[in-house]
>>> print(open('query-v9.cif').read())   # mmCIF, C-alpha atoms
data_model
loop_
_atom_site.label_atom_id
_atom_site.label_comp_id
_atom_site.auth_asym_id
_atom_site.auth_seq_id
_atom_site.Cartn_x
_atom_site.Cartn_y
_atom_site.Cartn_z
CA MET A 852 88.86 98.91 94.15
CA ALA A 853 87.38 95.88 95.96
CA ASP A 854 84.82 93.76 94.07
CA LEU A 855 81.44 95.00 95.34
CA GLY A 856 79.80 91.76 94.17
CA LYS A 857 81.14 90.28 97.44
CA PRO A 858 78.79 91.00 100.37
CA GLN A 859 81.54 91.92 102.86
CA ASN A 860 82.82 94.67 100.53
CA THR A 861 79.32 96.10 100.06
CA ILE A 862 78.77 96.13 103.83
CA ALA A 863 82.11 97.91 104.36
CA VAL A 864 81.20 100.69 101.89
CA LEU A 865 77.71 101.16 103.33
CA GLN A 866 79.08 101.37 106.90
CA LYS A 867 81.83 103.79 105.91
CA TYR A 868 79.26 106.24 104.50
CA HIS A 869 76.56 105.49 107.12
CA PHE A 870 74.25 104.82 104.21
CA ASN A 871 70.55 104.25 104.90
CA PHE A 872 68.43 102.41 102.34
CA GLN A 873 65.64 104.56 100.92
CA LYS A 874 62.36 102.72 100.66
CA LYS A 875 60.99 105.36 98.27
CA PHE A 876 63.75 104.50 95.75
CA GLY A 877 63.18 100.74 96.10
CA GLN A 878 66.87 100.08 96.80
CA ASN A 879 68.07 96.47 96.79
CA PHE A 880 71.77 96.07 95.95
CA LEU A 881 72.98 92.93 94.17
CA ILE A 882 75.64 90.97 96.09
CA ASP A 883 76.24 87.90 93.94
CA PRO A 884 79.13 87.94 91.41
CA ARG A 885 77.65 85.01 89.43
CA VAL A 886 74.45 86.96 88.77
CA LEU A 887 76.45 90.04 87.79
CA GLU A 888 78.45 87.98 85.29
CA LYS A 889 75.22 86.49 83.90
CA ILE A 890 73.82 89.98 83.30
CA ILE A 891 76.99 91.15 81.52
CA GLY A 892 77.00 87.95 79.42
CA ALA A 893 73.30 88.23 78.55
CA ALA A 894 73.68 91.87 77.51
CA GLY A 895 76.55 90.81 75.19
CA ILE A 896 78.63 93.83 76.17
CA THR A 897 81.84 94.38 74.22
CA ARG A 898 84.53 97.04 73.98
CA GLU A 899 82.57 98.68 71.13
CA ASP A 900 79.52 99.36 73.30
CA PHE A 901 78.18 102.44 74.99
CA VAL A 902 76.01 101.33 77.93
CA LEU A 903 73.37 103.28 79.83
CA GLU A 904 72.97 101.95 83.36
CA ILE A 905 69.84 102.93 85.29
CA GLY A 906 70.15 102.95 89.09
CA PRO A 907 73.81 102.01 89.72
CA GLY A 908 73.35 102.05 93.52
CA ILE A 909 76.86 101.87 95.00
CA GLY A 910 78.38 100.93 91.63
CA THR A 911 78.42 97.13 91.93
CA MET A 912 77.29 96.36 88.38
CA THR A 913 78.85 99.59 87.10
CA GLN A 914 82.32 98.20 87.88
CA TYR A 915 81.56 95.09 85.79
CA LEU A 916 80.19 97.25 82.97
CA CYS A 917 83.27 99.50 82.96
CA GLU A 918 85.50 96.42 82.65
CA ASN A 919 83.62 95.25 79.56
CA ALA A 920 82.24 98.31 77.71
CA ARG A 921 83.82 101.20 75.83
CA GLU A 922 81.90 103.75 77.87
CA VAL A 923 79.21 103.77 80.57
CA THR A 924 76.77 106.47 81.69
CA ALA A 925 75.11 105.64 85.01
CA VAL A 926 71.98 107.56 86.04
CA GLU A 927 71.32 107.60 89.81
CA ILE A 928 68.42 109.48 91.43
CA ASP A 929 69.64 109.29 95.07
CA ARG A 930 72.16 112.08 95.70
CA ASN A 931 73.36 110.29 98.87
CA LEU A 932 74.91 107.67 96.59
CA ILE A 933 76.94 110.13 94.51
CA PRO A 934 79.93 110.42 96.91
CA ILE A 935 79.96 106.61 97.24
CA LEU A 936 79.99 106.21 93.44
CA GLU A 937 82.85 108.72 93.19
CA GLU A 938 84.89 106.40 95.40
CA THR A 939 83.83 102.99 94.04
CA LEU A 940 84.28 104.09 90.39
CA HIS A 941 87.42 106.15 91.01
CA ASP A 942 89.65 103.71 89.07
CA TYR A 943 87.57 103.87 85.88
CA GLU A 944 87.97 106.59 83.29
CA ASN A 945 85.20 105.33 80.98
CA VAL A 946 82.24 106.19 83.24
CA GLU A 947 80.07 109.24 83.84
CA VAL A 948 77.55 109.41 86.71
CA ILE A 949 74.47 111.62 86.32
CA ASN A 950 72.46 112.47 89.45
CA GLU A 951 69.01 112.65 87.87
CA ASP A 952 65.63 110.91 87.56
CA ILE A 953 65.94 108.66 84.48
CA LEU A 954 62.41 109.65 83.41
CA LYS A 955 63.67 113.23 82.99
CA VAL A 956 66.90 112.44 81.12
CA ASP A 957 67.10 113.17 77.38
CA ILE A 958 68.25 109.67 76.41
CA ASN A 959 68.03 110.45 72.68
CA GLY A 960 70.45 113.34 73.23
CA LEU A 961 72.72 111.09 75.29
CA ALA A 962 72.78 108.40 72.58
CA GLN A 963 73.62 111.07 70.01
CA LYS A 964 76.43 112.57 72.08
CA LYS A 965 78.00 109.35 73.36
CA ASN A 966 77.28 106.93 70.54
CA GLY A 967 76.73 109.00 67.40
CA GLY A 968 73.00 108.15 67.48
CA ASN A 969 73.74 104.42 67.06
CA PRO A 970 71.74 101.93 69.15
CA ILE A 971 72.82 101.76 72.78
CA LYS A 972 72.59 98.93 75.32
CA VAL A 973 70.66 99.52 78.54
CA VAL A 974 71.40 97.56 81.71
CA ALA A 975 69.60 98.04 85.02
CA ASN A 976 68.65 96.57 88.37
CA LEU A 977 65.30 98.36 88.45
CA PRO A 978 63.22 99.31 91.46
CA TYR A 979 60.01 97.37 91.04
CA TYR A 980 57.61 100.30 91.33
CA ILE A 981 59.08 102.06 88.30
CA THR A 982 59.91 99.16 85.96
CA THR A 983 57.06 99.64 83.49
CA PRO A 984 57.30 103.45 83.05
CA ILE A 985 61.05 103.20 82.40
CA ILE A 986 60.81 100.37 79.86
CA MET A 987 57.83 101.85 78.03
CA GLY A 988 59.47 105.29 78.10
CA LEU A 989 62.55 103.86 76.35
CA PHE A 990 60.44 102.14 73.69
CA GLU A 991 57.77 104.79 73.08
CA SER A 992 60.20 107.69 72.76
CA HIS A 993 61.96 105.68 70.00
CA VAL A 994 65.35 105.97 71.68
CA PRO A 995 67.90 104.03 69.58
CA VAL A 996 68.16 100.93 71.78
CA ASP A 997 69.77 97.62 70.78
CA SER A 998 68.78 95.71 73.93
CA ILE A 999 67.60 96.24 77.49
CA THR A 1000 68.89 93.71 80.04
CA ILE A 1001 67.26 94.25 83.40
CA MET A 1002 66.65 92.77 86.79
CA VAL A 1003 62.95 92.98 87.64
CA GLN A 1004 60.41 91.34 89.91
CA LYS A 1005 59.98 87.72 88.75
CA GLU A 1006 56.25 88.07 88.11
CA VAL A 1007 56.84 91.19 85.98
CA ALA A 1008 59.40 89.28 83.87
CA GLU A 1009 56.87 86.47 83.44
CA ARG A 1010 54.20 88.97 82.35
CA MET A 1011 56.54 90.45 79.73
CA GLN A 1012 57.15 87.02 78.22
CA ALA A 1013 53.58 85.63 78.51
CA GLY A 1014 51.49 84.56 75.52
CA PRO A 1015 47.71 84.58 74.84
CA GLY A 1016 45.46 82.57 77.14
CA SER A 1017 47.74 82.60 80.20
CA LYS A 1018 46.89 84.47 83.41
CA ASP A 1019 50.11 86.52 83.12
CA TYR A 1020 49.21 87.77 79.63
CA GLY A 1021 48.12 91.40 79.50
CA ALA A 1022 48.79 94.90 78.23
CA LEU A 1023 52.44 94.81 79.40
CA SER A 1024 53.09 91.51 77.53
CA LEU A 1025 51.72 92.99 74.30
CA ALA A 1026 53.48 96.34 74.64
CA VAL A 1027 56.87 94.73 75.30
CA GLN A 1028 56.45 92.13 72.53
CA TYR A 1029 55.39 94.80 70.02
CA TYR A 1030 58.78 96.49 70.44
CA ALA A 1031 61.12 93.66 71.46
CA LYS A 1032 61.76 89.94 71.90
CA PRO A 1033 61.73 89.16 75.66
CA GLU A 1034 63.73 86.29 77.13
CA ILE A 1035 64.15 85.42 80.81
CA ILE A 1036 67.85 84.72 81.38
CA ALA A 1037 67.91 83.79 85.07
CA ASN A 1038 65.76 83.65 88.17
CA VAL A 1039 67.41 85.38 91.13
CA PRO A 1040 66.42 84.54 94.74
CA PRO A 1041 66.03 87.22 97.44
CA ASN A 1042 69.29 86.23 99.20
CA CYS A 1043 71.29 87.67 96.27
CA PHE A 1044 70.35 91.19 97.41
CA MET A 1045 70.94 93.54 100.29
CA PRO A 1046 68.49 94.22 101.84
CA ARG A 1047 66.57 91.10 100.84
CA PRO A 1048 63.41 91.87 98.85
CA LYS A 1049 60.24 89.99 99.83
CA VAL A 1050 59.83 88.54 96.33
CA GLY A 1051 61.94 86.70 93.78
CA SER A 1052 63.56 88.52 90.87
CA ALA A 1053 64.54 87.64 87.32
CA VAL A 1054 66.96 88.92 84.72
CA ILE A 1055 65.17 89.50 81.42
CA ARG A 1056 66.68 90.60 78.12
CA LEU A 1057 64.57 92.59 75.65
CA VAL A 1058 66.12 92.64 72.18
CA ARG A 1059 64.60 95.46 70.13
CA HIS A 1060 62.89 94.44 66.87
CA GLU A 1061 64.37 96.20 63.82
CA LYS A 1062 60.80 97.12 62.95
CA ALA A 1063 57.67 96.66 65.05
CA ALA A 1064 56.49 93.03 65.38
CA VAL A 1065 53.21 93.81 63.60
CA GLN A 1066 52.08 96.51 61.21
CA THR A 1067 49.26 98.75 62.37
CA GLU A 1068 47.80 101.85 60.74
CA ASN A 1069 47.36 103.54 64.11
CA GLU A 1070 49.73 102.48 66.93
CA ARG A 1071 47.96 104.73 69.46
CA LEU A 1072 44.54 103.22 68.72
CA MET A 1073 45.92 99.68 68.93
CA PHE A 1074 47.26 100.37 72.44
CA CYS A 1075 43.94 102.01 73.46
CA ILE A 1076 42.18 98.80 72.39
CA ILE A 1077 44.71 96.62 74.24
CA ARG A 1078 44.39 98.66 77.45
CA ALA A 1079 40.58 98.66 77.28
CA SER A 1080 40.42 94.91 76.69
CA PHE A 1081 42.49 94.15 79.81
CA ASN A 1082 41.07 96.89 82.09
CA GLN A 1083 38.08 94.61 82.69
CA ARG A 1084 39.59 91.18 82.07
CA ARG A 1085 36.47 89.18 82.88
CA LYS A 1086 34.28 91.09 80.41
CA THR A 1087 33.97 90.13 76.77
CA LEU A 1088 36.06 92.17 74.37
CA VAL A 1089 32.93 93.78 72.93
CA ASN A 1090 31.85 95.04 76.37
CA GLY A 1091 35.36 96.03 77.44
CA LEU A 1092 35.87 98.19 74.33
CA ASN A 1093 32.33 99.56 74.46
CA ASN A 1094 32.91 100.72 78.09
CA SER A 1095 36.13 102.55 77.20
CA PRO A 1096 35.91 106.37 76.97
CA GLU A 1097 38.87 106.25 74.55
CA ILE A 1098 37.04 104.20 71.91
CA SER A 1099 34.02 105.77 70.24
CA ALA A 1100 32.94 102.80 68.08
CA SER A 1101 29.45 101.41 68.80
CA LYS A 1102 28.84 97.91 70.19
CA GLU A 1103 27.57 96.81 66.77
CA GLN A 1104 30.68 98.13 65.02
CA ILE A 1105 32.95 96.34 67.50
CA ALA A 1106 31.04 93.05 67.11
CA GLY A 1107 31.10 93.52 63.32
CA ALA A 1108 34.87 94.12 63.34
CA LEU A 1109 35.42 90.88 65.31
CA GLU A 1110 33.20 88.98 62.91
CA LYS A 1111 35.15 90.36 59.96
CA LEU A 1112 38.31 88.88 61.52
CA GLY A 1113 36.57 85.52 62.04
CA LEU A 1114 36.44 85.98 65.82
CA ASN A 1115 33.54 85.07 68.10
CA PRO A 1116 31.78 88.21 69.49
CA GLY A 1117 31.90 86.56 72.97
CA ILE A 1118 35.72 86.36 72.94
CA ARG A 1119 37.81 87.94 75.70
CA GLY A 1120 40.86 90.13 75.12
CA GLU A 1121 43.22 87.61 76.71
CA ALA A 1122 42.60 85.19 73.80
CA LEU A 1123 43.84 87.58 71.07
CA THR A 1124 47.38 87.61 69.71
CA LEU A 1125 49.30 90.81 69.02
CA GLU A 1126 48.60 90.33 65.27
CA GLN A 1127 44.86 90.10 65.96
CA PHE A 1128 44.92 93.29 68.05
CA ALA A 1129 46.71 95.04 65.16
CA GLU A 1130 44.11 93.78 62.65
CA LEU A 1131 41.26 94.79 64.97
CA SER A 1132 42.66 98.32 65.33
CA ASN A 1133 42.96 98.59 61.53
CA VAL A 1134 39.30 97.57 61.04
CA LEU A 1135 37.96 99.73 63.91
CA GLY A 1136 40.08 102.66 62.74
CA HIS A 1137 37.89 102.95 59.65
CA TYR A 1138 34.80 103.59 61.85
CA LEU A 1139 36.39 106.24 64.07
#
>>> encode(input="query-v9.cif", output="structure tokens")
Amino acid sequence: MADLGKPQNTIAVLQKYHFNFQKKFGQNFLIDPRVLEKIIGAAGITREDFVLEIGPGIGTMTQYLCENAREVTAVEIDRNLIPILEETLHDYENVEVINEDILKVDINGLAQKKNGGNPIKVVANLPYYITTPIIMGLFESHVPVDSITIMVQKEVAERMQAGPGSKDYGALSLAVQYYAKPEIIANVPPNCFMPRPKVGSAVIRLVRHEKAAVQTENERLMFCIIRASFNQRRKTLVNGLNNSPEISASKEQIAGALEKLGLNPGIRGEALTLEQFAELSNVLGHYL
């Protein structure tokens, strides 16, 4: 089968099937072999690996994955792409395509069936509108994942990697860093896609921590505190938490908890590290 990383081959397939891009699925197909090779390299895929690919499109990256992995399962929501994938992946016996919404797939069951419950590798060129729910879904459901190597909007990748005090730092940064070590592998300009997106993209690799980056007595409470502190970024942490319907501690208790941690009551959430959020949730947890 022709290498779909080359634009002329992608165009030929799309014309043959009279394929129309679906805006609702955020479809932008990668047409640069160098970027595809970078993704495969960054994901460290070997013949031992089972890989879950989210959103294979016409099978461009899937072909590269099949060449390098033991087995690939590709989950594609758009049923119009299924006949195309049957053709473009025809030569590979180590791939299964599932026509389903990834948010409804039992990934734990899949990892058990295909990989004996051992950690799997996830690779994806994700539609921008659904990046966060997919990544957080993989982490929060405690699916056995070794790494997630994904193409996302550049500013989303920067948010995942951001540290305290920067404008990109927020709830997404903390959630990702709690579960994994993020590293931007490559920036990818719009001309590497068809159709061209309006914004730049980046490949980011998230390597799962063996155990969470910080210890907290109540993970759910910690994330409530994180969300509340960034919901109203310009407010002080005391006011942000006090305004949250999810947190029942009084203003005095919140100020007292910050003082106990040696933090100024006028501090904003964006100044706290993940460790400090964990400590704060442990102290506040005793009041609730």
>>> residues_around(input="query-v9.cif", residues="segment 1066-1080 of chain A", least_positions_apart="4", cutoff="10 Å", atoms="all atoms listed in the file", output="ChimeraX atom specification")
/A:1021-1023,1025-1026,1029,1062,1084-1098,1119-1121,1123,1125-1126,1128-1136,1139
>>> resolve_selection(input="query-v9.cif", expression="the PyMOL selection byres ((chain A and resi 1004) around 7)", output="ChimeraX atom specification")
/A:979,1003,1005-1008,1051-1053
>>> write_last_selection(input="query-v9.cif", atoms="C-alpha atoms", output="compact mmCIF listing (two decimals), in the frame of the given file")
# COMPACT_ATOMS: atom_id res chain seq x y z
CA TYR A 979 60.01 97.37 91.04
CA VAL A 1003 62.95 92.98 87.64
CA LYS A 1005 59.98 87.72 88.75
CA GLU A 1006 56.25 88.07 88.11
CA VAL A 1007 56.84 91.19 85.98
CA ALA A 1008 59.40 89.28 83.87
CA GLY A 1051 61.94 86.70 93.78
CA SER A 1052 63.56 88.52 90.87
CA ALA A 1053 64.54 87.64 87.32
>>> resolve_selection(input="query-v9.cif", expression="the PyMOL selection byres ((chain A and resi 1103) around 12)", output="number ranges by chain")
A: 1089-1090, 1092-1093, 1099-1102, 1104-1110, 1116, 1135, 1138
>>> write_last_selection(input="query-v9.cif", atoms="C-alpha atoms", output="PDB file, in the coordinates of the input")
ATOM      1  CA  VAL A1089      32.930  93.780  72.930  1.00  0.00           C
ATOM      2  CA  ASN A1090      31.850  95.040  76.370  1.00  0.00           C
ATOM      3  CA  LEU A1092      35.870  98.190  74.330  1.00  0.00           C
ATOM      4  CA  ASN A1093      32.330  99.560  74.460  1.00  0.00           C
ATOM      5  CA  SER A1099      34.020 105.770  70.240  1.00  0.00           C
ATOM      6  CA  ALA A1100      32.940 102.800  68.080  1.00  0.00           C
ATOM      7  CA  SER A1101      29.450 101.410  68.800  1.00  0.00           C
ATOM      8  CA  LYS A1102      28.840  97.910  70.190  1.00  0.00           C
ATOM      9  CA  GLN A1104      30.680  98.130  65.020  1.00  0.00           C
ATOM     10  CA  ILE A1105      32.950  96.340  67.500  1.00  0.00           C
ATOM     11  CA  ALA A1106      31.040  93.050  67.110  1.00  0.00           C
ATOM     12  CA  GLY A1107      31.100  93.520  63.320  1.00  0.00           C
ATOM     13  CA  ALA A1108      34.870  94.120  63.340  1.00  0.00           C
ATOM     14  CA  LEU A1109      35.420  90.880  65.310  1.00  0.00           C
ATOM     15  CA  GLU A1110      33.200  88.980  62.910  1.00  0.00           C
ATOM     16  CA  PRO A1116      31.780  88.210  69.490  1.00  0.00           C
ATOM     17  CA  LEU A1135      37.960  99.730  63.910  1.00  0.00           C
ATOM     18  CA  TYR A1138      34.800 103.590  61.850  1.00  0.00           C
TER      19      TYR A1138
END
>>> closest_residue(input="query-v9.cif", among="A:Pro1015, A:Gly1113, A:Gly856, A:Gly967", to="Leu887 of chain A", atoms="all atoms listed in the file")
A:Gly856
>>> axis_aligned_box(input="query-v9.cif", around="segment 1007-1022 of chain A", padding_each_side="8 Å", output="JSON")
{"center_x": 52.4, "center_y": 88.7, "center_z": 80.4, "size_x": 29.9, "size_y": 28.3, "size_z": 27.1}
>>> resolve_selection(input="query-v9.cif", expression="the PyMOL selection byres ((chain A and resi 903) around 6)", output="count of residues only")
6
>>> closest_residue(input="query-v9.cif", among="A:Glu951, A:Asp957, A:Glu938, A:Asp883", to="Ser992 of chain A", atoms="all atoms listed in the file")
A:Asp957
>>> atom_distance(input="query-v9.cif", atom1="atom CA of Met987 of chain A", atom2="atom CA of Arg1059 of chain A")
12.2 Å
>>> closest_residue(input="query-v9.cif", among="A:Glu937, A:Asp942, A:Glu1061, A:Glu888", to="Asn919 of chain A", atoms="all atoms listed in the file")
A:Glu888
>>> closest_residue(input="query-v9.cif", among="A:Ala893, A:Met1045, A:Ile935, A:Leu940", to="Leu1057 of chain A", atoms="all atoms listed in the file")
A:Ala893
>>> decode(input="query-v9.cif", residues="segment 964-994 of chain A", atoms="N, CA and C atoms", output="PDB file, in the first residue's frame")
ATOM      1  N   LYS A 964      -7.466  -7.876  27.386  1.00  0.00           N
ATOM      2  CA  LYS A 964      -7.615  -8.849  26.301  1.00  0.00           C
ATOM      3  C   LYS A 964      -6.389  -8.889  25.387  1.00  0.00           C
ATOM      4  N   LYS A 965      -5.874  -7.706  25.039  1.00  0.00           N
ATOM      5  CA  LYS A 965      -4.804  -7.633  24.035  1.00  0.00           C
ATOM      6  C   LYS A 965      -3.410  -7.670  24.628  1.00  0.00           C
ATOM      7  N   ASN A 966      -3.302  -7.289  25.922  1.00  0.00           N
ATOM      8  CA  ASN A 966      -1.954  -7.131  26.475  1.00  0.00           C
ATOM      9  C   ASN A 966      -1.820  -7.731  27.867  1.00  0.00           C
ATOM     10  N   GLY A 967      -2.753  -8.636  28.204  1.00  0.00           N
ATOM     11  CA  GLY A 967      -2.681  -9.309  29.504  1.00  0.00           C
ATOM     12  C   GLY A 967      -2.729  -8.357  30.678  1.00  0.00           C
ATOM     13  N   GLY A 968      -3.348  -7.164  30.483  1.00  0.00           N
ATOM     14  CA  GLY A 968      -3.433  -6.192  31.586  1.00  0.00           C
ATOM     15  C   GLY A 968      -2.155  -5.403  31.808  1.00  0.00           C
ATOM     16  N   ASN A 969      -1.118  -5.667  30.996  1.00  0.00           N
ATOM     17  CA  ASN A 969       0.139  -4.908  31.118  1.00  0.00           C
ATOM     18  C   ASN A 969      -0.047  -3.511  30.515  1.00  0.00           C
ATOM     19  N   PRO A 970       0.809  -2.556  30.920  1.00  0.00           N
ATOM     20  CA  PRO A 970       0.649  -1.188  30.419  1.00  0.00           C
ATOM     21  C   PRO A 970       0.741  -1.106  28.894  1.00  0.00           C
ATOM     22  N   ILE A 971      -0.167  -0.322  28.320  1.00  0.00           N
ATOM     23  CA  ILE A 971      -0.210  -0.166  26.866  1.00  0.00           C
ATOM     24  C   ILE A 971       0.359   1.208  26.486  1.00  0.00           C
ATOM     25  N   LYS A 972       0.657   1.372  25.210  1.00  0.00           N
ATOM     26  CA  LYS A 972       1.079   2.688  24.710  1.00  0.00           C
ATOM     27  C   LYS A 972      -0.072   3.272  23.892  1.00  0.00           C
ATOM     28  N   VAL A 973      -0.334   4.551  24.096  1.00  0.00           N
ATOM     29  CA  VAL A 973      -1.406   5.226  23.367  1.00  0.00           C
ATOM     30  C   VAL A 973      -0.767   6.257  22.442  1.00  0.00           C
ATOM     31  N   VAL A 974      -1.210   6.262  21.189  1.00  0.00           N
ATOM     32  CA  VAL A 974      -0.714   7.228  20.210  1.00  0.00           C
ATOM     33  C   VAL A 974      -1.931   7.841  19.525  1.00  0.00           C
ATOM     34  N   ALA A 975      -1.916   9.159  19.304  1.00  0.00           N
ATOM     35  CA  ALA A 975      -3.097   9.785  18.699  1.00  0.00           C
ATOM     36  C   ALA A 975      -2.766  11.130  18.081  1.00  0.00           C
ATOM     37  N   ASN A 976      -3.509  11.442  17.021  1.00  0.00           N
ATOM     38  CA  ASN A 976      -3.540  12.795  16.462  1.00  0.00           C
ATOM     39  C   ASN A 976      -4.937  13.288  16.832  1.00  0.00           C
ATOM     40  N   LEU A 977      -5.027  13.981  17.975  1.00  0.00           N
ATOM     41  CA  LEU A 977      -6.351  14.224  18.570  1.00  0.00           C
ATOM     42  C   LEU A 977      -7.039  15.471  18.043  1.00  0.00           C
ATOM     43  N   PRO A 978      -8.359  15.362  17.812  1.00  0.00           N
ATOM     44  CA  PRO A 978      -9.113  16.575  17.514  1.00  0.00           C
ATOM     45  C   PRO A 978      -9.045  17.493  18.729  1.00  0.00           C
ATOM     46  N   TYR A 979      -8.844  18.773  18.480  1.00  0.00           N
ATOM     47  CA  TYR A 979      -8.555  19.687  19.586  1.00  0.00           C
ATOM     48  C   TYR A 979      -9.670  19.780  20.616  1.00  0.00           C
ATOM     49  N   TYR A 980     -10.919  19.696  20.146  1.00  0.00           N
ATOM     50  CA  TYR A 980     -12.036  19.929  21.069  1.00  0.00           C
ATOM     51  C   TYR A 980     -12.180  18.817  22.108  1.00  0.00           C
ATOM     52  N   ILE A 981     -11.548  17.689  21.882  1.00  0.00           N
ATOM     53  CA  ILE A 981     -11.771  16.540  22.770  1.00  0.00           C
ATOM     54  C   ILE A 981     -10.491  16.057  23.462  1.00  0.00           C
ATOM     55  N   THR A 982      -9.410  16.833  23.295  1.00  0.00           N
ATOM     56  CA  THR A 982      -8.110  16.430  23.857  1.00  0.00           C
ATOM     57  C   THR A 982      -8.183  16.156  25.359  1.00  0.00           C
ATOM     58  N   THR A 983      -8.687  17.147  26.109  1.00  0.00           N
ATOM     59  CA  THR A 983      -8.651  17.033  27.575  1.00  0.00           C
ATOM     60  C   THR A 983      -9.519  15.883  28.092  1.00  0.00           C
ATOM     61  N   PRO A 984     -10.791  15.738  27.635  1.00  0.00           N
ATOM     62  CA  PRO A 984     -11.577  14.603  28.146  1.00  0.00           C
ATOM     63  C   PRO A 984     -10.937  13.243  27.867  1.00  0.00           C
ATOM     64  N   ILE A 985     -10.290  13.097  26.714  1.00  0.00           N
ATOM     65  CA  ILE A 985      -9.674  11.799  26.392  1.00  0.00           C
ATOM     66  C   ILE A 985      -8.491  11.532  27.320  1.00  0.00           C
ATOM     67  N   ILE A 986      -7.605  12.521  27.455  1.00  0.00           N
ATOM     68  CA  ILE A 986      -6.412  12.310  28.285  1.00  0.00           C
ATOM     69  C   ILE A 986      -6.791  12.078  29.746  1.00  0.00           C
ATOM     70  N   MET A 987      -7.695  12.921  30.259  1.00  0.00           N
ATOM     71  CA  MET A 987      -8.074  12.765  31.663  1.00  0.00           C
ATOM     72  C   MET A 987      -8.848  11.465  31.869  1.00  0.00           C
ATOM     73  N   GLY A 988      -9.637  11.078  30.875  1.00  0.00           N
ATOM     74  CA  GLY A 988     -10.355   9.797  30.963  1.00  0.00           C
ATOM     75  C   GLY A 988      -9.391   8.625  31.087  1.00  0.00           C
ATOM     76  N   LEU A 989      -8.305   8.667  30.310  1.00  0.00           N
ATOM     77  CA  LEU A 989      -7.297   7.588  30.373  1.00  0.00           C
ATOM     78  C   LEU A 989      -6.631   7.544  31.746  1.00  0.00           C
ATOM     79  N   PHE A 990      -6.310   8.721  32.296  1.00  0.00           N
ATOM     80  CA  PHE A 990      -5.626   8.756  33.587  1.00  0.00           C
ATOM     81  C   PHE A 990      -6.574   8.412  34.744  1.00  0.00           C
ATOM     82  N   GLU A 991      -7.744   9.052  34.761  1.00  0.00           N
ATOM     83  CA  GLU A 991      -8.637   8.927  35.924  1.00  0.00           C
ATOM     84  C   GLU A 991      -9.252   7.540  36.049  1.00  0.00           C
ATOM     85  N   SER A 992      -9.410   6.849  34.913  1.00  0.00           N
ATOM     86  CA  SER A 992     -10.004   5.505  35.004  1.00  0.00           C
ATOM     87  C   SER A 992      -8.929   4.455  35.323  1.00  0.00           C
ATOM     88  N   HIS A 993      -7.697   4.951  35.566  1.00  0.00           N
ATOM     89  CA  HIS A 993      -6.577   4.072  35.952  1.00  0.00           C
ATOM     90  C   HIS A 993      -6.364   2.924  34.962  1.00  0.00           C
ATOM     91  N   VAL A 994      -6.521   3.262  33.682  1.00  0.00           N
ATOM     92  CA  VAL A 994      -6.178   2.313  32.615  1.00  0.00           C
ATOM     93  C   VAL A 994      -4.668   2.068  32.702  1.00  0.00           C
TER      94      VAL A 994
END
